[in-house]
file model.txt (compact mmCIF, C-alpha atoms (C1' of nucleotides))
# COMPACT_ATOMS: atom_id res chain seq x y z
CA MET A 795 41.54 0.58 0.31
CA ARG A 796 41.76 -3.16 -0.27
CA ALA A 797 42.60 -5.50 2.60
CA SER A 798 46.04 -6.69 1.47
CA GLY A 799 47.83 -8.95 -1.05
CA PRO A 800 48.18 -8.34 -4.77
CA LEU A 801 45.48 -6.60 -6.74
CA ASP A 802 43.01 -8.97 -8.42
CA ALA A 803 40.12 -8.59 -10.84
CA GLU A 804 37.44 -9.30 -8.23
CA SER A 805 38.50 -6.52 -5.88
CA ILE A 806 38.70 -4.13 -8.81
CA LEU A 807 35.15 -5.06 -9.73
CA SER A 808 33.94 -4.44 -6.17
CA ALA A 809 35.73 -1.13 -5.96
CA THR A 810 34.33 -0.06 -9.32
CA GLU A 811 30.87 -1.05 -8.21
CA ASP A 812 31.20 1.16 -5.15
CA VAL A 813 32.54 4.06 -7.18
CA LEU A 814 29.72 3.70 -9.70
CA ARG A 815 27.18 3.65 -6.90
CA ARG A 816 28.64 6.83 -5.41
CA HIS A 817 29.30 8.89 -8.53
CA GLY A 818 27.13 7.30 -11.23
CA PRO A 819 28.33 6.11 -14.63
CA ALA A 820 28.71 9.64 -16.00
CA LYS A 821 31.12 10.86 -13.29
CA ALA A 822 32.92 7.71 -12.18
CA THR A 823 36.56 7.59 -13.33
CA VAL A 824 39.28 4.98 -13.37
CA VAL A 825 41.34 7.28 -11.15
CA ASP A 826 38.52 7.08 -8.58
CA VAL A 827 38.71 3.29 -8.75
CA GLY A 828 42.46 3.43 -8.18
CA LYS A 829 42.00 5.74 -5.19
CA GLU A 830 39.37 3.41 -3.75
CA LEU A 831 41.93 0.57 -3.95
CA GLY A 832 44.89 2.65 -2.77
CA VAL A 833 46.61 2.10 -6.10
CA SER A 834 47.43 4.15 -9.17
CA HIS A 835 44.91 4.11 -11.98
CA ALA A 836 47.47 2.43 -14.27
CA ALA A 837 47.39 -0.68 -12.07
CA VAL A 838 43.74 -1.15 -12.98
CA TYR A 839 44.70 -1.34 -16.65
CA LYS A 840 46.80 -4.45 -15.98
CA HIS A 841 43.53 -6.32 -15.34
CA PHE A 842 41.05 -4.61 -17.68
CA PRO A 843 41.87 -3.34 -21.16
CA SER A 844 39.62 -0.28 -20.98
CA LYS A 845 37.16 1.62 -18.89
CA ALA A 846 34.34 0.29 -21.08
CA ALA A 847 35.41 -3.32 -20.46
CA LEU A 848 35.55 -2.65 -16.73
CA ARG A 849 32.08 -1.13 -16.67
CA GLU A 850 30.77 -4.02 -18.71
CA ALA A 851 32.28 -6.59 -16.33
CA VAL A 852 30.72 -4.81 -13.35
CA SER A 853 27.29 -4.78 -14.97
CA ARG A 854 27.60 -8.42 -15.94
CA ARG A 855 28.34 -9.43 -12.36
CA TRP A 856 25.56 -7.19 -11.08
CA LEU A 857 23.02 -8.66 -13.52
CA ASN A 858 24.06 -12.23 -12.71
CA ARG A 859 23.31 -11.71 -9.04
CA ASP A 860 19.55 -12.28 -9.60
CA ARG A 861 20.07 -14.84 -12.32
CA ASP A 862 19.94 -17.99 -10.22
CA ALA A 863 16.66 -17.18 -8.49
CA LEU A 864 15.07 -16.66 -11.88
CA ALA A 865 16.68 -19.79 -13.37
CA ALA A 866 15.34 -21.77 -10.41
CA ILE A 867 11.78 -20.80 -11.33
CA ALA A 868 12.34 -21.57 -15.02
CA GLY A 869 13.70 -25.01 -14.19
CA ASP A 870 11.22 -25.98 -11.47
CA THR A 871 9.39 -28.92 -13.04
CA GLU A 872 7.10 -29.10 -10.00
CA ILE A 873 5.24 -26.03 -11.24
CA PRO A 874 3.02 -26.52 -14.31
CA PRO A 875 4.48 -24.52 -17.21
CA PRO A 876 1.63 -21.98 -17.56
CA GLN A 877 1.87 -20.98 -13.92
CA ARG A 878 5.64 -21.17 -14.18
CA LEU A 879 5.60 -18.66 -17.03
CA ARG A 880 3.46 -16.28 -14.96
CA SER A 881 5.74 -16.60 -11.95
CA TRP A 882 8.86 -16.19 -14.04
CA LEU A 883 7.61 -13.03 -15.72
CA ALA A 884 6.43 -11.61 -12.39
CA ALA A 885 9.83 -12.41 -10.86
CA LEU A 886 11.61 -10.80 -13.80
CA LEU A 887 9.61 -7.60 -13.34
CA ALA A 888 10.18 -7.65 -9.58
CA SER A 889 13.89 -8.19 -10.03
CA LYS A 890 14.33 -5.45 -12.62
CA ARG A 891 12.24 -3.02 -10.64
CA ALA A 892 14.15 -3.71 -7.44
CA LYS A 893 17.44 -3.16 -9.24
CA ALA A 894 16.22 0.13 -10.70
CA HIS A 895 14.96 1.30 -7.34
CA ASP A 896 17.70 0.10 -5.01
CA ASP A 897 20.69 0.70 -7.26
CA PRO A 898 19.78 3.55 -9.58
CA GLU A 899 23.36 4.33 -10.61
CA LEU A 900 24.26 0.76 -11.49
CA PHE A 901 20.95 0.52 -13.29
CA ALA A 902 21.92 3.61 -15.26
CA ALA A 903 25.21 1.92 -16.17
CA TYR A 904 23.27 -1.13 -17.37
CA LYS A 905 20.94 1.09 -19.38
CA LEU A 906 23.99 2.52 -21.14
CA LEU A 907 25.15 -0.98 -22.06
CA VAL A 908 21.77 -1.67 -23.62
CA THR A 909 21.75 1.50 -25.72
CA GLU A 910 25.30 0.73 -26.86
CA ASN A 911 24.31 -2.84 -27.83
CA SER A 912 27.15 -4.20 -25.74
CA VAL A 913 28.00 -7.89 -25.57
CA ALA A 914 27.04 -8.04 -21.88
CA ALA A 915 23.55 -6.77 -22.64
CA ILE A 916 23.11 -9.16 -25.56
CA ASP A 917 24.30 -12.07 -23.43
CA HIS A 918 21.89 -11.09 -20.69
CA VAL A 919 18.95 -11.18 -23.09
CA ALA A 920 20.14 -14.48 -24.56
CA ASP A 921 20.24 -15.95 -21.06
CA LEU A 922 16.70 -14.82 -20.31
CA LEU A 923 15.47 -16.11 -23.67
CA GLY A 924 17.04 -19.48 -22.87
CA GLN A 925 15.15 -19.64 -19.59
CA LEU A 926 11.89 -18.73 -21.31
CA GLU A 927 12.53 -21.37 -23.95
CA LEU A 928 12.97 -23.98 -21.25
CA ILE A 929 9.56 -23.20 -19.78
CA LEU A 930 7.96 -23.26 -23.23
CA THR A 931 9.64 -26.52 -24.22
CA ASP A 932 8.44 -28.16 -21.01
CA GLY A 933 4.93 -26.89 -21.66
CA MET A 934 4.91 -28.13 -25.25
CA ALA A 935 6.20 -31.54 -24.19
CA GLY A 936 3.60 -31.79 -21.43
CA GLY A 937 0.74 -30.67 -23.63
CA SER A 938 -0.12 -27.45 -21.81
CA PHE A 939 1.18 -25.39 -24.74
CA ARG A 940 0.56 -25.93 -28.42
CA ARG A 941 3.61 -27.15 -30.35
CA ALA A 942 5.56 -24.40 -32.13
CA ASP A 943 9.13 -23.22 -32.58
CA PRO A 944 10.20 -22.68 -28.93
CA ALA A 945 12.96 -20.17 -29.71
CA GLN A 946 10.67 -18.03 -31.84
CA THR A 947 7.89 -18.25 -29.26
CA ALA A 948 10.26 -17.32 -26.45
CA GLN A 949 11.32 -14.29 -28.47
CA ALA A 950 7.67 -13.34 -28.98
CA VAL A 951 6.79 -13.64 -25.29
CA PHE A 952 9.87 -11.63 -24.39
CA THR A 953 9.00 -8.92 -26.90
CA ALA A 954 5.36 -8.80 -25.82
CA THR A 955 6.50 -8.11 -22.26
CA THR A 956 9.07 -5.46 -23.22
CA ARG A 957 7.17 -2.90 -21.15
CA PHE A 958 8.02 -4.86 -18.01
CA HIS A 959 11.72 -5.47 -18.45
CA HIS A 960 13.29 -3.05 -20.94
CA PRO A 961 15.45 -0.64 -18.95
CA GLY A 962 14.50 2.26 -21.21
CA LEU A 963 10.94 1.96 -19.88
CA ALA A 964 11.89 1.71 -16.20
CA ALA A 965 10.34 5.08 -15.41
CA ALA A 966 6.89 3.51 -15.89
CA TRP A 967 7.50 0.61 -13.47
CA THR A 968 6.35 2.60 -10.48
CA GLU A 969 2.79 3.02 -11.76
CA PRO A 970 0.35 1.39 -9.33
CA GLY A 971 -1.55 -1.05 -11.57
CA ILE A 972 1.51 -2.54 -13.25
CA GLU A 973 1.24 -6.01 -11.68
CA GLN A 974 -2.36 -6.33 -12.89
CA GLU A 975 -1.29 -5.02 -16.27
CA LEU A 976 1.22 -7.86 -16.46
CA ASP A 977 -1.47 -10.30 -15.34
CA VAL A 978 -3.73 -9.25 -18.21
CA ILE A 979 -0.92 -9.68 -20.74
CA CYS A 980 -0.02 -13.05 -19.21
CA ALA A 981 -3.59 -14.25 -19.52
CA LEU A 982 -3.72 -13.16 -23.14
CA LEU A 983 -0.39 -14.80 -23.96
CA LEU A 984 -1.25 -18.03 -22.14
CA ASP A 985 -4.52 -18.25 -24.06
CA GLY A 986 -2.54 -17.71 -27.24
CA LEU A 987 -0.03 -20.41 -26.37
CA ARG A 988 -2.71 -23.06 -25.96
CA MET B 1476 8.91 35.19 -43.80
CA ARG B 1477 5.14 34.81 -43.85
CA ALA B 1478 3.20 35.78 -46.97
CA SER B 1479 1.21 38.72 -45.58
CA GLY B 1480 -1.69 39.65 -43.31
CA PRO B 1481 -1.76 39.42 -39.53
CA LEU B 1482 0.12 36.74 -37.67
CA ASP B 1483 -1.99 33.69 -36.83
CA ALA B 1484 -1.49 30.50 -34.84
CA GLU B 1485 -1.30 28.28 -37.92
CA SER B 1486 1.58 30.12 -39.55
CA ILE B 1487 3.42 30.15 -36.23
CA LEU B 1488 2.99 26.38 -36.05
CA SER B 1489 4.34 25.93 -39.58
CA ALA B 1490 7.29 28.21 -38.92
CA THR B 1491 8.04 26.38 -35.67
CA GLU B 1492 7.86 23.07 -37.47
CA ASP B 1493 10.43 24.27 -39.99
CA VAL B 1494 12.69 25.63 -37.29
CA LEU B 1495 12.45 22.36 -35.35
CA ARG B 1496 13.28 20.40 -38.47
CA ARG B 1497 16.34 22.56 -39.10
CA HIS B 1498 17.77 22.95 -35.60
CA GLY B 1499 16.18 20.11 -33.60
CA PRO B 1500 14.29 20.48 -30.31
CA ALA B 1501 17.45 21.15 -28.29
CA LYS B 1502 18.64 24.14 -30.34
CA ALA B 1503 15.41 25.61 -31.69
CA THR B 1504 14.51 28.93 -30.04
CA VAL B 1505 11.48 31.19 -30.05
CA VAL B 1506 13.70 33.92 -31.49
CA ASP B 1507 14.36 31.62 -34.47
CA VAL B 1508 10.61 31.22 -34.94
CA GLY B 1509 10.19 34.99 -34.89
CA LYS B 1510 12.96 35.42 -37.46
CA GLU B 1511 11.37 32.80 -39.71
CA LEU B 1512 8.15 34.83 -39.61
CA GLY B 1513 9.83 38.22 -39.94
CA VAL B 1514 8.50 39.21 -36.54
CA SER B 1515 9.88 39.76 -33.05
CA HIS B 1516 9.88 36.78 -30.72
CA ALA B 1517 7.49 38.60 -28.38
CA ALA B 1518 4.79 38.47 -31.06
CA VAL B 1519 4.82 34.69 -30.84
CA TYR B 1520 3.92 34.95 -27.16
CA LYS B 1521 0.66 36.68 -28.06
CA HIS B 1522 -0.52 33.35 -29.51
CA PHE B 1523 1.19 30.74 -27.34
CA PRO B 1524 1.73 31.09 -23.59
CA SER B 1525 5.13 29.35 -23.55
CA LYS B 1526 7.73 27.62 -25.64
CA ALA B 1527 6.58 24.28 -24.19
CA ALA B 1528 2.98 24.91 -25.28
CA LEU B 1529 4.18 25.82 -28.76
CA ARG B 1530 6.28 22.69 -29.10
CA GLU B 1531 3.38 20.61 -27.84
CA ALA B 1532 0.99 22.14 -30.38
CA VAL B 1533 3.44 21.45 -33.20
CA SER B 1534 3.83 17.81 -32.16
CA ARG B 1535 0.09 17.40 -31.84
CA ARG B 1536 -0.47 18.63 -35.37
CA TRP B 1537 2.39 16.49 -36.65
CA LEU B 1538 1.04 13.36 -34.95
CA ASN B 1539 -2.48 13.97 -36.23
CA ARG B 1540 -1.26 14.00 -39.82
CA ASP B 1541 -1.25 10.15 -39.97
CA ARG B 1542 -4.22 9.77 -37.73
CA ASP B 1543 -6.95 9.55 -40.34
CA ALA B 1544 -5.30 6.81 -42.40
CA LEU B 1545 -5.04 4.72 -39.24
CA ALA B 1546 -8.59 5.52 -38.13
CA ALA B 1547 -9.83 4.48 -41.58
CA ILE B 1548 -8.39 1.00 -41.07
CA ALA B 1549 -9.81 0.75 -37.55
CA GLY B 1550 -13.27 1.70 -38.75
CA ASP B 1551 -13.35 -0.35 -41.96
CA THR B 1552 -16.12 -2.87 -41.26
CA GLU B 1553 -15.41 -4.55 -44.60
CA ILE B 1554 -12.29 -6.13 -43.14
CA PRO B 1555 -12.83 -8.94 -40.60
CA PRO B 1556 -11.59 -7.76 -37.18
CA PRO B 1557 -8.67 -10.20 -36.82
CA GLN B 1558 -7.17 -9.14 -40.12
CA ARG B 1559 -8.09 -5.54 -39.31
CA LEU B 1560 -6.09 -5.74 -36.11
CA ARG B 1561 -3.07 -7.08 -38.00
CA SER B 1562 -3.32 -4.36 -40.63
CA TRP B 1563 -3.80 -1.66 -38.05
CA LEU B 1564 -0.77 -2.70 -36.02
CA ALA B 1565 1.33 -3.02 -39.17
CA ALA B 1566 0.18 0.44 -40.27
CA LEU B 1567 0.98 1.87 -36.85
CA LEU B 1568 4.51 0.49 -37.03
CA ALA B 1569 4.94 1.74 -40.59
CA SER B 1570 3.68 5.19 -39.68
CA LYS B 1571 5.86 5.53 -36.59
CA ARG B 1572 8.91 4.23 -38.40
CA ALA B 1573 8.38 6.58 -41.33
CA LYS B 1574 8.05 9.52 -38.97
CA ALA B 1575 11.23 8.55 -37.13
CA HIS B 1576 13.13 8.12 -40.37
CA ASP B 1577 11.82 11.05 -42.44
CA ASP B 1578 11.52 13.61 -39.68
CA PRO B 1579 14.10 12.73 -37.03
CA GLU B 1580 14.06 16.12 -35.34
CA LEU B 1581 10.29 16.30 -35.01
CA PHE B 1582 10.37 12.72 -33.81
CA ALA B 1583 12.90 13.75 -31.16
CA ALA B 1584 10.53 16.54 -30.10
CA TYR B 1585 7.72 14.00 -29.80
CA LYS B 1586 9.97 11.68 -27.79
CA LEU B 1587 10.55 14.53 -25.35
CA LEU B 1588 6.80 14.99 -24.93
CA VAL B 1589 6.50 11.31 -24.06
CA THR B 1590 9.24 11.37 -21.44
CA GLU B 1591 7.68 14.50 -19.94
CA ASN B 1592 4.24 12.82 -19.81
CA SER B 1593 2.75 15.78 -21.64
CA VAL B 1594 -0.96 16.08 -22.34
CA ALA B 1595 -0.38 15.80 -26.10
CA ALA B 1596 1.38 12.46 -25.67
CA ILE B 1597 -1.32 11.14 -23.35
CA ASP B 1598 -4.04 12.25 -25.77
CA HIS B 1599 -2.23 10.56 -28.63
CA VAL B 1600 -2.15 7.24 -26.77
CA ALA B 1601 -5.80 7.64 -25.77
CA ASP B 1602 -6.71 8.16 -29.41
CA LEU B 1603 -4.85 5.01 -30.49
CA LEU B 1604 -6.41 3.01 -27.65
CA GLY B 1605 -9.83 4.18 -28.80
CA GLN B 1606 -9.14 2.92 -32.32
CA LEU B 1607 -7.94 -0.43 -30.99
CA GLU B 1608 -11.02 -0.69 -28.81
CA LEU B 1609 -13.22 -0.13 -31.84
CA ILE B 1610 -11.63 -3.08 -33.65
CA LEU B 1611 -11.94 -5.28 -30.57
CA THR B 1612 -15.56 -4.31 -29.94
CA ASP B 1613 -16.45 -5.14 -33.55
CA GLY B 1614 -14.67 -8.47 -33.21
CA MET B 1615 -16.44 -9.34 -29.98
CA ALA B 1616 -19.80 -8.40 -31.43
CA GLY B 1617 -19.17 -10.46 -34.56
CA GLY B 1618 -17.91 -13.50 -32.67
CA SER B 1619 -14.34 -13.51 -33.98
CA PHE B 1620 -13.01 -12.46 -30.55
CA ARG B 1621 -13.99 -13.84 -27.18
CA ARG B 1622 -16.02 -11.40 -25.05
CA ALA B 1623 -13.99 -9.42 -22.51
CA ASP B 1624 -13.56 -5.85 -21.31
CA PRO B 1625 -12.66 -4.06 -24.58
CA ALA B 1626 -10.83 -1.17 -22.93
CA GLN B 1627 -8.68 -3.46 -20.83
CA THR B 1628 -8.00 -5.71 -23.79
CA ALA B 1629 -7.08 -2.75 -25.99
CA GLN B 1630 -4.65 -1.65 -23.32
CA ALA B 1631 -3.15 -5.14 -23.20
CA VAL B 1632 -2.70 -5.36 -26.97
CA PHE B 1633 -1.16 -1.89 -27.00
CA THR B 1634 1.24 -2.79 -24.21
CA ALA B 1635 2.17 -6.12 -25.80
CA THR B 1636 3.18 -4.24 -28.95
CA THR B 1637 5.14 -1.54 -27.12
CA ARG B 1638 8.29 -2.60 -28.96
CA PHE B 1639 6.72 -1.51 -32.24
CA HIS B 1640 5.39 1.92 -31.34
CA HIS B 1641 7.08 3.35 -28.24
CA PRO B 1642 9.34 6.19 -29.41
CA GLY B 1643 11.97 5.27 -26.83
CA LEU B 1644 12.53 2.02 -28.72
CA ALA B 1645 12.68 3.57 -32.19
CA ALA B 1646 16.37 2.72 -32.58
CA ALA B 1647 15.39 -0.95 -32.92
CA TRP B 1648 12.83 -0.36 -35.70
CA THR B 1649 15.45 -0.63 -38.42
CA GLU B 1650 16.28 -4.26 -37.65
CA PRO B 1651 15.54 -6.42 -40.69
CA GLY B 1652 13.16 -9.04 -39.23
CA ILE B 1653 10.89 -6.60 -37.43
CA GLU B 1654 7.82 -7.10 -39.64
CA GLN B 1655 7.98 -10.86 -39.09
CA GLU B 1656 8.51 -10.25 -35.39
CA LEU B 1657 5.29 -8.27 -35.35
CA ASP B 1658 3.58 -11.06 -37.31
CA VAL B 1659 4.55 -13.62 -34.67
CA ILE B 1660 3.24 -11.41 -31.87
CA CYS B 1661 0.05 -10.75 -33.83
CA ALA B 1662 -0.53 -14.46 -34.31
CA LEU B 1663 0.00 -15.10 -30.61
CA LEU B 1664 -2.34 -12.25 -29.60
CA LEU B 1665 -5.03 -13.24 -32.11
CA ASP B 1666 -4.95 -16.81 -30.79
CA GLY B 1667 -5.27 -15.37 -27.29
CA LEU B 1668 -8.21 -13.17 -28.24
CA ARG B 1669 -10.23 -16.10 -29.56
C1' DG C 742 -7.80 48.94 -29.49
C1' DT C 743 -5.44 45.53 -32.36
C1' DA C 744 -1.07 43.91 -33.77
C1' DG C 745 2.96 44.49 -33.18
C1' DT C 746 7.76 46.44 -31.08
C1' DT C 747 11.35 47.60 -27.81
C1' DA C 748 13.40 47.02 -23.33
C1' DC C 749 14.52 44.32 -19.61
C1' DA C 750 15.22 40.85 -15.49
C1' DG C 751 16.49 36.43 -14.55
C1' DG C 752 17.92 32.06 -16.16
C1' DT C 753 20.40 29.18 -19.46
C1' DT C 754 23.80 28.22 -22.97
C1' DT C 755 28.22 28.83 -25.10
C1' DC C 756 33.18 29.17 -25.66
C1' DA C 757 37.97 29.41 -24.72
C1' DG C 758 41.43 28.25 -21.54
C1' DA C 759 42.60 25.42 -17.67
C1' DT C 760 42.06 21.10 -15.47
C1' DT C 761 41.32 16.29 -15.29
C1' DG C 762 40.89 11.67 -17.35
C1' DT C 763 42.31 7.73 -20.50
C1' DG C 764 45.39 4.60 -22.11
C1' DT C 765 50.50 3.39 -23.04
C1' DA C 766 55.30 2.81 -22.28
C1' DA C 767 59.30 2.98 -19.81
C1' DG C 768 61.08 2.42 -15.25
C1' DA C 769 61.21 1.49 -10.03
C1' DT C 770 60.60 -1.93 -6.21
C1' DG C 771 60.64 -5.96 -3.90
C1' DC D 996 60.08 -11.21 -13.15
C1' DA D 997 55.69 -9.86 -11.33
C1' DT D 998 53.56 -5.95 -9.67
C1' DC D 999 52.93 -1.47 -9.47
C1' DT D 1000 54.40 3.61 -10.35
C1' DT D 1001 55.68 7.62 -12.80
C1' DA D 1002 55.49 10.22 -16.94
C1' DC D 1003 53.30 11.38 -20.92
C1' DA D 1004 50.22 12.47 -25.29
C1' DC D 1005 46.06 13.39 -26.41
C1' DA D 1006 41.03 13.55 -25.47
C1' DA D 1007 37.36 14.81 -22.55
C1' DT D 1008 35.49 17.64 -19.10
C1' DC D 1009 35.14 21.63 -16.12
C1' DT D 1010 34.87 26.69 -15.15
C1' DG D 1011 33.55 31.29 -15.29
C1' DA D 1012 32.45 35.34 -18.10
C1' DA D 1013 29.98 36.77 -22.10
C1' DA D 1014 26.27 36.05 -25.09
C1' DC D 1015 21.79 34.48 -25.68
C1' DC D 1016 17.01 32.97 -24.56
C1' DT D 1017 12.55 33.21 -22.16
C1' DG D 1018 8.75 35.45 -20.66
C1' DT D 1019 6.68 40.06 -19.16
C1' DA D 1020 5.55 44.80 -19.36
C1' DA D 1021 5.39 49.14 -21.01
C1' DC D 1022 5.15 51.40 -25.38
C1' DT D 1023 4.15 52.71 -30.65
C1' DA D 1024 1.65 52.76 -35.04
C1' DC D 1025 -2.05 52.26 -37.47

call {"tool": "encode", "arguments": {"input": "model.txt", "output": "structure tokens"}}
result
Amino acid sequence: MRASGPLDAESILSATEDVLRRHGPAKATVVDVGKELGVSHAAVYKHFPSKAALREAVSRRWLNRDRDALAAIAGDTEIPPPQRLRSWLAALLASKRAKAHDDPELFAAYKLLVTENSVAAIDHVADLLGQLELILTDGMAGGSFRRADPAQTAQAVFTATTRFHHPGLAAAWTEPGIEQELDVICALLLDGLR
Amino acid sequence: MRASGPLDAESILSATEDVLRRHGPAKATVVDVGKELGVSHAAVYKHFPSKAALREAVSRRWLNRDRDALAAIAGDTEIPPPQRLRSWLAALLASKRAKAHDDPELFAAYKLLVTENSVAAIDHVADLLGQLELILTDGMAGGSFRRADPAQTAQAVFTATTRFHHPGLAAAWTEPGIEQELDVICALLLDGLR
DNA sequence: GTAGTTACAGGTTTCAGATTGTGTAAGATG
DNA sequence: CATCTTACACAATCTGAAACCTGTAACTAC
């Protein structure tokens, strides 16, 4: 049940998030969302064109919740770029792992988006690549990284760390030595960048 | 129907492979395997303790079919180690992609083994890591790679190229620029190794 | 006694019919 | 007239009984 006033997109998103958390993406229905809001399911369709669009919007909001902390690291010119890259990748792993662990059903919904190649998933990757590119550009300007195409290099670093952020591989994020594993890769990549 | 003579493990493996190719891992049954051999399903159980063990043995044999070509590259001391590493990784991608494309059902069976953490899958990875380690050891001995723990480095190179060999990511192996993507990663890793 | 079969218990899958869900359009309410 | 509901067509999903599969054991034929 919503507090009061007319139905708006934000409260639908929150209700959907709750329903997804309770039932998971496979069982959650638009009727459930309506019930949660004390409204018929048709009312939901005045704000979102389809169930898929609704799910996508929820995942987008959920993904963006950790975005700023990560962007803060990427943009922190106080930290030298090599260390910044390490921190950023470590933070990315920590964030993804926390999401998978604390919110398994919403993580499952996000995983679906990725396998379906949805716009939200593509945008999410583009955002992360942009952050990586910023770190690399700073490093190239400051001389700590060799000059090269920053976009292509960002893509390469992202791909080389797939193991640590691709949702399809989340099952292997609970292994004990994973932080050290990332450290070894980081060292190798940093040596390759300069 | 088998040719003649008593039933042996090899012909059961071949029959199972055919059945898997036809019906896929989800639908294939031990009864089907028996039919294929002109034998009751119980006869199969005289040679394999369970359906899972049978499937695992089939996948093992199927995986080992490309093994020697790959091992030949890894052990070819004519090729300088950096180039050898490139060739080996390219060959690994080509092999995996061909298997996924030409034998989708057997590839699906293999994917199941990986998600179940089966012994066959673990052994397969250990074998590949051993081949990588051989290349790295040669390179370190010959001075083209910096000295470091070869096992740990092999693990790092394998992890950094997850995108190109992990069966869970096979859907993305058909993208056009993937060879170049691997080239970029290779360049980065090779720079990091020396 | 080796190499296979038949018979069976318990678990899993399948299939058809019933229920529930999605998305739209026309209508009620304030 | 903006906001929501009811009503609906069609698609997807659930349910429970029948069929089928797995793995074992007792049995047959050579």

call {"tool": "interface_residues", "arguments": {"input": "model.txt", "of": "chain D", "to": "chain A", "cutoff": "10 Å", "atoms": "only C-alpha atoms (C1' of nucleotides)", "output": "list of chain:residue names"}}
result
D:DT998, D:DC999, D:DT1000, D:DT1001, D:DT1008

call {"tool": "residues_around", "arguments": {"input": "model.txt", "residues": "D:DC1009", "least_positions_apart": "4", "cutoff": "12 Å", "atoms": "only C-alpha atoms (C1' of nucleotides)", "output": "list of chain:residue names"}}
result
A:Lys821, C:DA757, C:DG758, C:DA759, C:DT760, C:DT761, C:DG762

call {"tool": "interface_residues", "arguments": {"input": "model.txt", "of": "chain A", "to": "chain B", "cutoff": "10 Å", "atoms": "all atoms listed in the file", "output": "PyMOL selection string"}}
result
chain A and resi 909+946-947+949-958+960+962-963+965-966+975-988

call {"tool": "closest_atom_pairs", "arguments": {"input": "model.txt", "of": "chain C", "to": "chain B", "cutoff": "9 Å", "atoms": "all atoms listed in the file", "output": "JSON lines"}}
result
{"residue": "C:DA744", "atom": "C1'", "partner": "B:Pro1481", "partner_atom": "CA", "distance": 7.3}
{"residue": "C:DG745", "atom": "C1'", "partner": "B:Ala1518", "partner_atom": "CA", "distance": 6.6}
{"residue": "C:DT746", "atom": "C1'", "partner": "B:Ser1515", "partner_atom": "CA", "distance": 7.3}

call {"tool": "atom_distance", "arguments": {"input": "model.txt", "atom1": "atom CA of A:Leu857", "atom2": "atom CA of A:Ala948"}}
result
20.1 Å
